[in-house]
Amino acid sequence: MADLRNVVLVSHSGVGKTTLAESMNFDTGAESRRGSVNEGNTVSDFDEEEIARKFSISTSLLRLDHNETIINLIDTPGTLDFAGELIGGIYAADAAITLLSAVAGVETGTVRCWDIAVGRGIPRALFVNRMDRENADFAKAVESCRGAFGDACVPVQLPIGTHTGFKGLVDLITAKAYLFATDGSGKFEEGEVPRELADEVNQAREKLIDAVAAADDALIEKYLEEGTLGPEELHEGMAKAFREGMIHPIFVGSAELGIGGKPLLDAIVSYFPGPNKITPPKVLVSDREEELPEGDAAALIFKTTVDPFAGKLSLTRVFLGKLSGESFNVNRGKNERCNNLFHIHGNTQKGTDELAEGDIGAIGKLEATLTGDTLAQSGSSCFAPLPLPQPLMKRAVFPASKGDEDKMSTGLSRLHEEDPTLRSTRNDQTKETILAGLGDQHLQIAVSRLRKKYGVNVELKVPRIAYLETITKKTTSHGRHKKQTGGRGQFGDCQIEFWPLDRGTGVEFENAIVGGVIPGKFIPAVEKGLNEAYAHGYLCGCPIVDIHAKLFYGSYHNVDSSEMAFKVAASLAFKDAMTRAAPVILEPIMRVEVGIPDEFMGDIAGDLSSKRGKILGMERQGKMQVVGALVPEAELSNYSSELRSMTSGQGTYSLEFHSYELLPGEIQQKIISEYLPKK
Ligand SMILES: Nc1nc2c(ncn2[C@@H]2O[C@H](COP(=O)(O)OP(=O)(O)O)[C@@H](O)[C@H]2O)c(=O)[nH]1
Ligand SMILES: [Mg+2]
């Protein structure tokens with residue numbers, strides 16, 4: 001089999017990954033024309049949502065054939081809402097190319113995807129794109145890379161010209177110039193370095209050779225002896241230095257004009273690592289992360305797509321061994337038949353008998369397999385779970401027309417199969433289905449896919465909060481139910497003492513009847529009657545909790561008493577008690593941890609306080625400050641977008657339920673009018 005490279009393109013959104021992928025595809029000669037994101041005809045943005053919105057939503061694959069090497073190019077989406085796709089793409093690759101804009105330099109999204117690649121342990125290169133734009137500044141972009149990612153960021157190319165004068169680049173390893181046609185054809189001529197760039201090129205080349213030599217003992221000796229290194233040595237030295245993270249090579253170009261794609265392809269072939277050079281992701285062995293054992297065939301499912309007609313397609317990266325025929329899903333403990341194997345290029349699938357070691361492809365019609373699962377031959381280790389973000393943006397989702405509930409729930413579970421960062425759950429208390437995702441856009445696209453793929457129109461609303469009610473005063477009450485109608489009447493009579501319990505205790509019932517004033521057989525009916533009354537609440541229709549009921553007296557009638565009558569009597573006693581027991585509403589309080597760079601500290605703490613939050617403390621964790629706070633859930637329904645806009649995407653947060661606390665009196669009336677069931 002041909003040599004193989006698995007390379008992922010990552011960046012802040014909109015820098016030009018899809019355009020660069022398109023340009024590289026064209027440069028291999030596979031295509032007679034170059035598509036464009038704006039025209040909606042690129043190889044990788046083929047999804048109808050992507051075409052409509054003009055940006056990538058999902059990770060897609062291009063299978064390129066260049067200089068006898070197969071390059072699996074992985075194009076990822078850049079926005080935070082689709083981080084799940086990005087992470088899957090990075091875990092399939094052996095090297096990442098991080099694009100940045102020659103105008104904007106390193107942005108928040110650049111750092112985010114860089115960090116994920118660091119977490120996976122793959123080498124990182126940089127591509128300074130958009131050199132044709134006004135104010136494009138290569139030197140400044142390089143500086144911002146070094147500022148963010150360290151001095152190992154070293155240019156391996158220099159641009160020739162900038163903005164409208166941008167014509168091509170100099171390859172510092174070969175010291176050759178590539179002068180591109182500016183008609184977007186991607187055609188270029190090799191030539192000598194332009195004279196006015198000679199000094200700059202010499203300096204940059206020296207820096208590069210220094211860096212390459214410094215990464216290898218044998219090379220540095222030779223370099224010190226001979227004063228320079230030949231192109232072969234430089235290529236080999238680069239390969240090693242890049243693989244080991246000693247150098248992050250910086251490339252340059254304009255994806256839009258087709259400038260830089262071809263030299264980048266050449267570099268990928270000549271010094272990017274092949275799959276056998278990079279350690280596979282860690283496996284979990286009884287909760288500890290370890291190296292994947294040798295000889296243990298293993299493939300990682302990094303993405304799943306579901307087509308309502310064609311069925312399920314599981315995208316996989318084979319790390320060890322090859323994949324074909326019968327295989328075993330370690331996570332699910334199930335055999336899976338891998339008979340429908342494909343290589344993928346955009347939305348075209350090409351059948352193959354096997355997926356070779358190191359290769360990327362797709363498996364059709366697996367039954368139990370989900371994203372993140374491990375397929376093996378005989379092995380028993382599975383890859384550690386993908387480090388996917390928690391879906392914190394929550395909306396209640398309703399079918400637009402009654403009767404579409406089933407369709408909606410099928411659609412939702414299919415969407416979750418495709419995208420583990422999109423989850424739906426049922427809230428039994430509020431009786432709402434909650435759809436959770438990574439942001440507004442993520443949820444909007446889910447709604448649109450439900451409509452187009454699963455034929456169901458849904459609406460999103462801010463979810464209802466699961467308020468509770470309780471009492472704050474001790475009181476005794478009397479409930480008497482007596483009805484005399486024609487034949488047999490109804491009679492139940494009970495006296496109950498109620499008092500509040502500590503937060504989180506729940507409900508307690510105590511039978512303190514003596515002398516059989518209520519016969520034992522009716523006592524469970526009293527308890528049942530109370531429980532039913534609790535479920536409907538008193539102030540705003542939310543369940544009553546943390547209450548003790550002591551049934552201490554009552555009476556009965558030989559003929560007219562029944563379980564029904566005692567249930568009614570109990571509920572009357574409850575209603576009576578509520579008029580004196582000073583009922584209140586409890587609201588759920590969440591423990592929030594917000595991670596932000598220092599400069600946002602003041603804004604974030606102020607905002608949390610204005611949300612009725614209590615700051616618990618702050619702590620430095622690496623580059624971030626982490627603020628811990630207790631905040632009412634009701635104040636957090638838009639926090640994911642608010643935090644994003646307050647910190648221009650740099651803040652992250654986590655949430656967990658903490659406790660129920662008294663709702664402040666001034667808000668109580670508002671909640672009562674919003675939540676009390678309309679009669
Ligand atoms: N001027 C200029 N525009 C570019 C360049 N690369 C991409 N674009 C445009 O930037 C927009 C976003 O590009 P796209 O490839 O979708 O970015 P992605 O989100 O990183 O995939 C599109 O309108 C492209 O045509 C470039 O090098 N120069
Ligand atoms: Mg894109």
# chains A, B, ... in the order shown; residues from 1 in each chain; ligands from 1
>>> residues_near_ligand(ligand="ligand 1", cutoff="6 Å", atoms="only C-alpha atoms and all ligand atoms", output="PyMOL selection string")
chain A and resi 13-19+37-38+55-56+78+129-130+132-133+254-256
>>> write_last_selection(atoms="N, CA and C atoms", output="PDB file, in the first residue's frame")
ATOM      1  N   SER A  13     -12.900  29.956  13.579  1.00  0.00           N
ATOM      2  CA  SER A  13     -13.825  29.783  12.465  1.00  0.00           C
ATOM      3  C   SER A  13     -13.574  30.805  11.352  1.00  0.00           C
ATOM      4  N   GLY A  14     -13.798  30.333  10.123  1.00  0.00           N
ATOM      5  CA  GLY A  14     -13.757  31.235   8.978  1.00  0.00           C
ATOM      6  C   GLY A  14     -12.385  31.667   8.498  1.00  0.00           C
ATOM      7  N   VAL A  15     -11.329  31.013   8.938  1.00  0.00           N
ATOM      8  CA  VAL A  15      -9.992  31.418   8.500  1.00  0.00           C
ATOM      9  C   VAL A  15      -9.677  30.860   7.104  1.00  0.00           C
ATOM     10  N   GLY A  16     -10.305  29.725   6.760  1.00  0.00           N
ATOM     11  CA  GLY A  16     -10.109  29.220   5.396  1.00  0.00           C
ATOM     12  C   GLY A  16      -9.764  27.745   5.267  1.00  0.00           C
ATOM     13  N   LYS A  17     -10.086  26.934   6.273  1.00  0.00           N
ATOM     14  CA  LYS A  17      -9.769  25.494   6.226  1.00  0.00           C
ATOM     15  C   LYS A  17     -10.422  24.805   5.028  1.00  0.00           C
ATOM     16  N   THR A  18     -11.721  25.042   4.881  1.00  0.00           N
ATOM     17  CA  THR A  18     -12.442  24.367   3.804  1.00  0.00           C
ATOM     18  C   THR A  18     -11.918  24.814   2.447  1.00  0.00           C
ATOM     19  N   THR A  19     -11.626  26.103   2.351  1.00  0.00           N
ATOM     20  CA  THR A  19     -11.090  26.627   1.093  1.00  0.00           C
ATOM     21  C   THR A  19      -9.702  26.043   0.818  1.00  0.00           C
ATOM     22  N   VAL A  37     -16.492  27.967  -1.060  1.00  0.00           N
ATOM     23  CA  VAL A  37     -17.456  27.942   0.036  1.00  0.00           C
ATOM     24  C   VAL A  37     -18.647  28.842  -0.294  1.00  0.00           C
ATOM     25  N   ASN A  38     -18.346  29.983  -0.909  1.00  0.00           N
ATOM     26  CA  ASN A  38     -19.407  30.944  -1.205  1.00  0.00           C
ATOM     27  C   ASN A  38     -20.394  30.422  -2.248  1.00  0.00           C
ATOM     28  N   PHE A  55     -20.686  27.687   6.083  1.00  0.00           N
ATOM     29  CA  PHE A  55     -19.561  27.305   6.937  1.00  0.00           C
ATOM     30  C   PHE A  55     -19.701  25.848   7.349  1.00  0.00           C
ATOM     31  N   SER A  56     -18.577  25.261   7.788  1.00  0.00           N
ATOM     32  CA  SER A  56     -18.576  23.833   8.098  1.00  0.00           C
ATOM     33  C   SER A  56     -19.247  23.581   9.439  1.00  0.00           C
ATOM     34  N   GLY A  78     -14.912  25.180  12.808  1.00  0.00           N
ATOM     35  CA  GLY A  78     -14.129  25.986  13.737  1.00  0.00           C
ATOM     36  C   GLY A  78     -14.909  26.552  14.910  1.00  0.00           C
ATOM     37  N   ASN A 129      -2.756  32.028   6.538  1.00  0.00           N
ATOM     38  CA  ASN A 129      -3.610  32.163   5.354  1.00  0.00           C
ATOM     39  C   ASN A 129      -3.996  33.635   5.138  1.00  0.00           C
ATOM     40  N   ARG A 130      -4.687  33.889   4.069  1.00  0.00           N
ATOM     41  CA  ARG A 130      -5.242  35.217   3.789  1.00  0.00           C
ATOM     42  C   ARG A 130      -4.165  36.272   3.531  1.00  0.00           C
ATOM     43  N   ASP A 132      -3.507  37.539   0.865  1.00  0.00           N
ATOM     44  CA  ASP A 132      -3.983  38.460  -0.175  1.00  0.00           C
ATOM     45  C   ASP A 132      -4.829  39.586   0.413  1.00  0.00           C
ATOM     46  N   ARG A 133      -5.105  39.521   1.730  1.00  0.00           N
ATOM     47  CA  ARG A 133      -5.995  40.527   2.313  1.00  0.00           C
ATOM     48  C   ARG A 133      -5.251  41.808   2.655  1.00  0.00           C
ATOM     49  N   SER A 254      -2.487  31.810   0.356  1.00  0.00           N
ATOM     50  CA  SER A 254      -3.847  32.329   0.259  1.00  0.00           C
ATOM     51  C   SER A 254      -4.689  31.209  -0.337  1.00  0.00           C
ATOM     52  N   ALA A 255      -5.495  30.597   0.512  1.00  0.00           N
ATOM     53  CA  ALA A 255      -6.318  29.482   0.038  1.00  0.00           C
ATOM     54  C   ALA A 255      -7.245  29.957  -1.067  1.00  0.00           C
ATOM     55  N   GLU A 256      -7.723  31.201  -0.915  1.00  0.00           N
ATOM     56  CA  GLU A 256      -8.687  31.749  -1.871  1.00  0.00           C
ATOM     57  C   GLU A 256      -8.073  31.844  -3.271  1.00  0.00           C
TER      58      GLU A 256
END
>>> residues_around(residues="Gly311 of chain A", least_positions_apart="3", cutoff="12 Å", atoms="only C-alpha atoms", output="ChimeraX atom specification")
/A:304-308,314,340,363-367,414,417-418,453
>>> closest_atom_pairs(of="chain A", to="ligand 2", cutoff="12 Å", atoms="only C-alpha atoms and all ligand atoms", output="JSON lines")
{"residue": "A:Val8", "atom": "CA", "partner": "ligand 2", "partner_atom_place_in_ligand_line": "1 (Mg)", "distance": 12.0}
{"residue": "A:Leu9", "atom": "CA", "partner": "ligand 2", "partner_atom_place_in_ligand_line": "1 (Mg)", "distance": 9.2}
{"residue": "A:Val10", "atom": "CA", "partner": "ligand 2", "partner_atom_place_in_ligand_line": "1 (Mg)", "distance": 9.0}
{"residue": "A:Ser11", "atom": "CA", "partner": "ligand 2", "partner_atom_place_in_ligand_line": "1 (Mg)", "distance": 9.1}
{"residue": "A:His12", "atom": "CA", "partner": "ligand 2", "partner_atom_place_in_ligand_line": "1 (Mg)", "distance": 9.9}
{"residue": "A:Ser13", "atom": "CA", "partner": "ligand 2", "partner_atom_place_in_ligand_line": "1 (Mg)", "distance": 7.3}
{"residue": "A:Gly14", "atom": "CA", "partner": "ligand 2", "partner_atom_place_in_ligand_line": "1 (Mg)", "distance": 6.6}
{"residue": "A:Val15", "atom": "CA", "partner": "ligand 2", "partner_atom_place_in_ligand_line": "1 (Mg)", "distance": 8.2}
{"residue": "A:Gly16", "atom": "CA", "partner": "ligand 2", "partner_atom_place_in_ligand_line": "1 (Mg)", "distance": 6.6}
{"residue": "A:Lys17", "atom": "CA", "partner": "ligand 2", "partner_atom_place_in_ligand_line": "1 (Mg)", "distance": 5.3}
{"residue": "A:Thr18", "atom": "CA", "partner": "ligand 2", "partner_atom_place_in_ligand_line": "1 (Mg)", "distance": 4.1}
{"residue": "A:Thr19", "atom": "CA", "partner": "ligand 2", "partner_atom_place_in_ligand_line": "1 (Mg)", "distance": 7.2}
{"residue": "A:Leu20", "atom": "CA", "partner": "ligand 2", "partner_atom_place_in_ligand_line": "1 (Mg)", "distance": 9.1}
{"residue": "A:Ala21", "atom": "CA", "partner": "ligand 2", "partner_atom_place_in_ligand_line": "1 (Mg)", "distance": 8.9}
{"residue": "A:Glu22", "atom": "CA", "partner": "ligand 2", "partner_atom_place_in_ligand_line": "1 (Mg)", "distance": 10.1}
{"residue": "A:Ser36", "atom": "CA", "partner": "ligand 2", "partner_atom_place_in_ligand_line": "1 (Mg)", "distance": 10.6}
{"residue": "A:Val37", "atom": "CA", "partner": "ligand 2", "partner_atom_place_in_ligand_line": "1 (Mg)", "distance": 7.9}
{"residue": "A:Asn38", "atom": "CA", "partner": "ligand 2", "partner_atom_place_in_ligand_line": "1 (Mg)", "distance": 11.0}
{"residue": "A:Gly40", "atom": "CA", "partner": "ligand 2", "partner_atom_place_in_ligand_line": "1 (Mg)", "distance": 11.2}
{"residue": "A:Thr42", "atom": "CA", "partner": "ligand 2", "partner_atom_place_in_ligand_line": "1 (Mg)", "distance": 9.7}
{"residue": "A:Val43", "atom": "CA", "partner": "ligand 2", "partner_atom_place_in_ligand_line": "1 (Mg)", "distance": 10.7}
{"residue": "A:Ser44", "atom": "CA", "partner": "ligand 2", "partner_atom_place_in_ligand_line": "1 (Mg)", "distance": 7.9}
{"residue": "A:Asp45", "atom": "CA", "partner": "ligand 2", "partner_atom_place_in_ligand_line": "1 (Mg)", "distance": 6.9}
{"residue": "A:Phe46", "atom": "CA", "partner": "ligand 2", "partner_atom_place_in_ligand_line": "1 (Mg)", "distance": 10.7}
{"residue": "A:Asp47", "atom": "CA", "partner": "ligand 2", "partner_atom_place_in_ligand_line": "1 (Mg)", "distance": 11.5}
{"residue": "A:Glu50", "atom": "CA", "partner": "ligand 2", "partner_atom_place_in_ligand_line": "1 (Mg)", "distance": 8.6}
{"residue": "A:Ile51", "atom": "CA", "partner": "ligand 2", "partner_atom_place_in_ligand_line": "1 (Mg)", "distance": 10.5}
{"residue": "A:Arg53", "atom": "CA", "partner": "ligand 2", "partner_atom_place_in_ligand_line": "1 (Mg)", "distance": 10.6}
{"residue": "A:Lys54", "atom": "CA", "partner": "ligand 2", "partner_atom_place_in_ligand_line": "1 (Mg)", "distance": 8.1}
{"residue": "A:Phe55", "atom": "CA", "partner": "ligand 2", "partner_atom_place_in_ligand_line": "1 (Mg)", "distance": 5.1}
{"residue": "A:Ser56", "atom": "CA", "partner": "ligand 2", "partner_atom_place_in_ligand_line": "1 (Mg)", "distance": 4.0}
{"residue": "A:Ile57", "atom": "CA", "partner": "ligand 2", "partner_atom_place_in_ligand_line": "1 (Mg)", "distance": 7.5}
{"residue": "A:Ser58", "atom": "CA", "partner": "ligand 2", "partner_atom_place_in_ligand_line": "1 (Mg)", "distance": 8.5}
{"residue": "A:Thr59", "atom": "CA", "partner": "ligand 2", "partner_atom_place_in_ligand_line": "1 (Mg)", "distance": 8.7}
{"residue": "A:Ser60", "atom": "CA", "partner": "ligand 2", "partner_atom_place_in_ligand_line": "1 (Mg)", "distance": 9.4}
{"residue": "A:Leu61", "atom": "CA", "partner": "ligand 2", "partner_atom_place_in_ligand_line": "1 (Mg)", "distance": 11.8}
{"residue": "A:Ile74", "atom": "CA", "partner": "ligand 2", "partner_atom_place_in_ligand_line": "1 (Mg)", "distance": 10.5}
{"residue": "A:Asp75", "atom": "CA", "partner": "ligand 2", "partner_atom_place_in_ligand_line": "1 (Mg)", "distance": 6.7}
{"residue": "A:Thr76", "atom": "CA", "partner": "ligand 2", "partner_atom_place_in_ligand_line": "1 (Mg)", "distance": 6.3}
{"residue": "A:Pro77", "atom": "CA", "partner": "ligand 2", "partner_atom_place_in_ligand_line": "1 (Mg)", "distance": 5.3}
{"residue": "A:Gly78", "atom": "CA", "partner": "ligand 2", "partner_atom_place_in_ligand_line": "1 (Mg)", "distance": 6.9}
{"residue": "A:Thr79", "atom": "CA", "partner": "ligand 2", "partner_atom_place_in_ligand_line": "1 (Mg)", "distance": 9.4}
{"residue": "A:Phe82", "atom": "CA", "partner": "ligand 2", "partner_atom_place_in_ligand_line": "1 (Mg)", "distance": 11.2}
{"residue": "A:Glu85", "atom": "CA", "partner": "ligand 2", "partner_atom_place_in_ligand_line": "1 (Mg)", "distance": 11.7}
{"residue": "A:Leu86", "atom": "CA", "partner": "ligand 2", "partner_atom_place_in_ligand_line": "1 (Mg)", "distance": 10.8}
{"residue": "A:Leu99", "atom": "CA", "partner": "ligand 2", "partner_atom_place_in_ligand_line": "1 (Mg)", "distance": 11.2}
{"residue": "A:Ala255", "atom": "CA", "partner": "ligand 2", "partner_atom_place_in_ligand_line": "1 (Mg)", "distance": 11.9}
>>> write_last_selection(atoms="C-alpha atoms", output="PDB file, in the first residue's frame")
ATOM      1  CA  VAL A   8      -6.306  17.535  10.243  1.00  0.00           C
ATOM      2  CA  LEU A   9      -7.005  21.192   9.414  1.00  0.00           C
ATOM      3  CA  VAL A  10      -8.034  23.235  12.437  1.00  0.00           C
ATOM      4  CA  SER A  11      -8.519  26.949  13.161  1.00  0.00           C
ATOM      5  CA  HIS A  12     -10.645  29.726  14.528  1.00  0.00           C
ATOM      6  CA  SER A  13     -13.825  29.783  12.465  1.00  0.00           C
ATOM      7  CA  GLY A  14     -13.757  31.235   8.978  1.00  0.00           C
ATOM      8  CA  VAL A  15      -9.992  31.418   8.500  1.00  0.00           C
ATOM      9  CA  GLY A  16     -10.109  29.220   5.396  1.00  0.00           C
ATOM     10  CA  LYS A  17      -9.769  25.494   6.226  1.00  0.00           C
ATOM     11  CA  THR A  18     -12.442  24.367   3.804  1.00  0.00           C
ATOM     12  CA  THR A  19     -11.090  26.627   1.093  1.00  0.00           C
ATOM     13  CA  LEU A  20      -7.551  25.339   1.672  1.00  0.00           C
ATOM     14  CA  ALA A  21      -8.758  21.725   1.586  1.00  0.00           C
ATOM     15  CA  GLU A  22     -10.531  22.477  -1.696  1.00  0.00           C
ATOM     16  CA  SER A  36     -15.760  27.632  -3.310  1.00  0.00           C
ATOM     17  CA  VAL A  37     -17.456  27.942   0.036  1.00  0.00           C
ATOM     18  CA  ASN A  38     -19.407  30.944  -1.205  1.00  0.00           C
ATOM     19  CA  GLY A  40     -21.562  26.035  -2.003  1.00  0.00           C
ATOM     20  CA  THR A  42     -16.689  22.423  -2.152  1.00  0.00           C
ATOM     21  CA  VAL A  43     -15.838  18.771  -1.641  1.00  0.00           C
ATOM     22  CA  SER A  44     -15.932  18.975   2.123  1.00  0.00           C
ATOM     23  CA  ASP A  45     -18.931  21.238   2.873  1.00  0.00           C
ATOM     24  CA  PHE A  46     -21.468  19.011   1.106  1.00  0.00           C
ATOM     25  CA  ASP A  47     -24.114  18.893   3.813  1.00  0.00           C
ATOM     26  CA  GLU A  50     -23.317  23.742   5.382  1.00  0.00           C
ATOM     27  CA  ILE A  51     -24.164  24.879   1.880  1.00  0.00           C
ATOM     28  CA  ARG A  53     -24.957  28.591   5.991  1.00  0.00           C
ATOM     29  CA  LYS A  54     -21.625  28.809   4.141  1.00  0.00           C
ATOM     30  CA  PHE A  55     -19.561  27.305   6.937  1.00  0.00           C
ATOM     31  CA  SER A  56     -18.576  23.833   8.098  1.00  0.00           C
ATOM     32  CA  ILE A  57     -20.724  22.113  10.681  1.00  0.00           C
ATOM     33  CA  SER A  58     -19.261  18.669  10.530  1.00  0.00           C
ATOM     34  CA  THR A  59     -15.875  17.084  10.095  1.00  0.00           C
ATOM     35  CA  SER A  60     -15.335  15.749   6.599  1.00  0.00           C
ATOM     36  CA  LEU A  61     -12.676  13.747   4.847  1.00  0.00           C
ATOM     37  CA  ILE A  74      -9.619  16.070   7.650  1.00  0.00           C
ATOM     38  CA  ASP A  75     -11.559  19.337   7.454  1.00  0.00           C
ATOM     39  CA  THR A  76     -13.112  20.376  10.773  1.00  0.00           C
ATOM     40  CA  PRO A  77     -15.592  23.076  11.785  1.00  0.00           C
ATOM     41  CA  GLY A  78     -14.129  25.986  13.737  1.00  0.00           C
ATOM     42  CA  THR A  79     -16.979  27.295  15.874  1.00  0.00           C
ATOM     43  CA  PHE A  82     -19.263  22.004  16.849  1.00  0.00           C
ATOM     44  CA  GLU A  85     -16.720  17.254  15.475  1.00  0.00           C
ATOM     45  CA  LEU A  86     -13.398  19.052  15.832  1.00  0.00           C
ATOM     46  CA  LEU A  99      -4.583  27.931  10.117  1.00  0.00           C
ATOM     47  CA  ALA A 255      -6.318  29.482   0.038  1.00  0.00           C
TER      48      ALA A 255
END
>>> residues_around(residues="segment 152-167 of chain A", least_positions_apart="5", cutoff="8 Å", atoms="only C-alpha atoms", output="ChimeraX atom specification")
/A:131-138,142,145-146,172-173,179-182,197,201,204-205,207-208,211,245-253,259
>>> closest_residue(among="A:Leu460, A:Ile122, A:Leu62, A:Ala570", to="Pro281 of chain A", atoms="only C-alpha atoms")
A:Ile122
>>> select_by_dssp(residues="segment 239-386 of chain A", states="helix (DSSP H, G or I)", output="list in words")
Ala239, Lys240, Ala241, Phe242, Arg243, Gly261, Lys262, Pro263, Leu264, Leu265, Asp266, Ala267, Ile268, Val269, Ser270, Tyr271, Pro275, Asn276 and Lys277 of chain A
>>> write_last_selection(atoms="N, CA and C atoms", output="PDB file, in the first residue's frame")
ATOM      1  N   ALA A 239      11.605  16.377   9.739  1.00  0.00           N
ATOM      2  CA  ALA A 239      10.638  15.322  10.063  1.00  0.00           C
ATOM      3  C   ALA A 239      10.740  14.969  11.538  1.00  0.00           C
ATOM      4  N   LYS A 240      11.965  14.812  11.994  1.00  0.00           N
ATOM      5  CA  LYS A 240      12.166  14.405  13.381  1.00  0.00           C
ATOM      6  C   LYS A 240      11.777  15.534  14.345  1.00  0.00           C
ATOM      7  N   ALA A 241      12.265  16.741  14.020  1.00  0.00           N
ATOM      8  CA  ALA A 241      11.995  17.876  14.911  1.00  0.00           C
ATOM      9  C   ALA A 241      10.498  18.169  14.984  1.00  0.00           C
ATOM     10  N   PHE A 242       9.813  18.023  13.850  1.00  0.00           N
ATOM     11  CA  PHE A 242       8.375  18.273  13.807  1.00  0.00           C
ATOM     12  C   PHE A 242       7.635  17.218  14.619  1.00  0.00           C
ATOM     13  N   ARG A 243       7.995  15.957  14.363  1.00  0.00           N
ATOM     14  CA  ARG A 243       7.342  14.833  15.041  1.00  0.00           C
ATOM     15  C   ARG A 243       7.480  14.949  16.558  1.00  0.00           C
ATOM     16  N   GLY A 261      -1.099  25.780  -1.587  1.00  0.00           N
ATOM     17  CA  GLY A 261      -1.622  24.419  -1.394  1.00  0.00           C
ATOM     18  C   GLY A 261      -0.637  23.358  -1.848  1.00  0.00           C
ATOM     19  N   LYS A 262      -0.068  23.574  -3.027  1.00  0.00           N
ATOM     20  CA  LYS A 262       0.831  22.571  -3.596  1.00  0.00           C
ATOM     21  C   LYS A 262       2.104  22.406  -2.751  1.00  0.00           C
ATOM     22  N   PRO A 263       2.803  23.502  -2.404  1.00  0.00           N
ATOM     23  CA  PRO A 263       3.988  23.324  -1.538  1.00  0.00           C
ATOM     24  C   PRO A 263       3.635  22.663  -0.204  1.00  0.00           C
ATOM     25  N   LEU A 264       2.422  22.918   0.298  1.00  0.00           N
ATOM     26  CA  LEU A 264       2.002  22.295   1.556  1.00  0.00           C
ATOM     27  C   LEU A 264       1.837  20.784   1.367  1.00  0.00           C
ATOM     28  N   LEU A 265       1.239  20.392   0.236  1.00  0.00           N
ATOM     29  CA  LEU A 265       1.109  18.955  -0.066  1.00  0.00           C
ATOM     30  C   LEU A 265       2.494  18.303  -0.109  1.00  0.00           C
ATOM     31  N   ASP A 266       3.429  18.984  -0.778  1.00  0.00           N
ATOM     32  CA  ASP A 266       4.791  18.440  -0.880  1.00  0.00           C
ATOM     33  C   ASP A 266       5.401  18.256   0.508  1.00  0.00           C
ATOM     34  N   ALA A 267       5.204  19.250   1.367  1.00  0.00           N
ATOM     35  CA  ALA A 267       5.772  19.167   2.714  1.00  0.00           C
ATOM     36  C   ALA A 267       5.140  18.014   3.497  1.00  0.00           C
ATOM     37  N   ILE A 268       3.818  17.848   3.334  1.00  0.00           N
ATOM     38  CA  ILE A 268       3.131  16.759   4.048  1.00  0.00           C
ATOM     39  C   ILE A 268       3.746  15.421   3.652  1.00  0.00           C
ATOM     40  N   VAL A 269       3.983  15.262   2.346  1.00  0.00           N
ATOM     41  CA  VAL A 269       4.569  14.007   1.887  1.00  0.00           C
ATOM     42  C   VAL A 269       6.007  13.874   2.373  1.00  0.00           C
ATOM     43  N   SER A 270       6.768  14.963   2.306  1.00  0.00           N
ATOM     44  CA  SER A 270       8.191  14.766   2.598  1.00  0.00           C
ATOM     45  C   SER A 270       8.529  14.792   4.079  1.00  0.00           C
ATOM     46  N   TYR A 271       7.828  15.519   4.915  1.00  0.00           N
ATOM     47  CA  TYR A 271       8.257  15.430   6.314  1.00  0.00           C
ATOM     48  C   TYR A 271       7.167  15.385   7.387  1.00  0.00           C
ATOM     49  N   PRO A 275       1.464   7.238   9.858  1.00  0.00           N
ATOM     50  CA  PRO A 275       0.692   6.783  11.019  1.00  0.00           C
ATOM     51  C   PRO A 275       1.496   5.951  12.014  1.00  0.00           C
ATOM     52  N   ASN A 276       2.509   5.215  11.526  1.00  0.00           N
ATOM     53  CA  ASN A 276       3.258   4.361  12.454  1.00  0.00           C
ATOM     54  C   ASN A 276       4.251   5.140  13.309  1.00  0.00           C
ATOM     55  N   LYS A 277       4.363   6.446  13.043  1.00  0.00           N
ATOM     56  CA  LYS A 277       5.342   7.255  13.775  1.00  0.00           C
ATOM     57  C   LYS A 277       4.742   7.925  15.010  1.00  0.00           C
TER      58      LYS A 277
END
>>> closest_residue(among="A:Gly529, A:Gly361, A:Gly595, A:Pro588", to="Ala573 of chain A", atoms="only C-alpha atoms")
A:Gly529
>>> select_by_dssp(residues="segment 269-306 of chain A", states="strand (DSSP E)", output="PyMOL selection string")
chain A and resi 283-285+288-290+298-306
>>> residues_around(residues="Arg591 of chain A", least_positions_apart="2", cutoff="7 Å", atoms="only C-alpha atoms", output="PDB file with C-alpha atoms, in the first residue's frame")
ATOM      1  CA  ILE A 589     -29.059  26.238  43.006  1.00  0.00           C
ATOM      2  CA  GLU A 593     -17.087  26.860  37.891  1.00  0.00           C
ATOM      3  CA  ALA A 629     -19.956  30.194  42.688  1.00  0.00           C
ATOM      4  CA  LEU A 630     -23.427  29.097  43.716  1.00  0.00           C
ATOM      5  CA  VAL A 631     -26.016  30.500  41.321  1.00  0.00           C
ATOM      6  CA  LEU A 655     -22.311  23.126  36.175  1.00  0.00           C
ATOM      7  CA  GLU A 656     -23.605  20.718  38.714  1.00  0.00           C
ATOM      8  CA  PHE A 657     -26.646  20.640  40.911  1.00  0.00           C
ATOM      9  CA  HIS A 658     -25.889  21.865  44.422  1.00  0.00           C
TER      10      HIS A 658
END
>>> residues_around(residues="segment 477-490 of chain A", least_positions_apart="6", cutoff="12 Å", atoms="only C-alpha atoms", output="PyMOL selection string")
chain A and resi 496-499+526+529-530+549-581
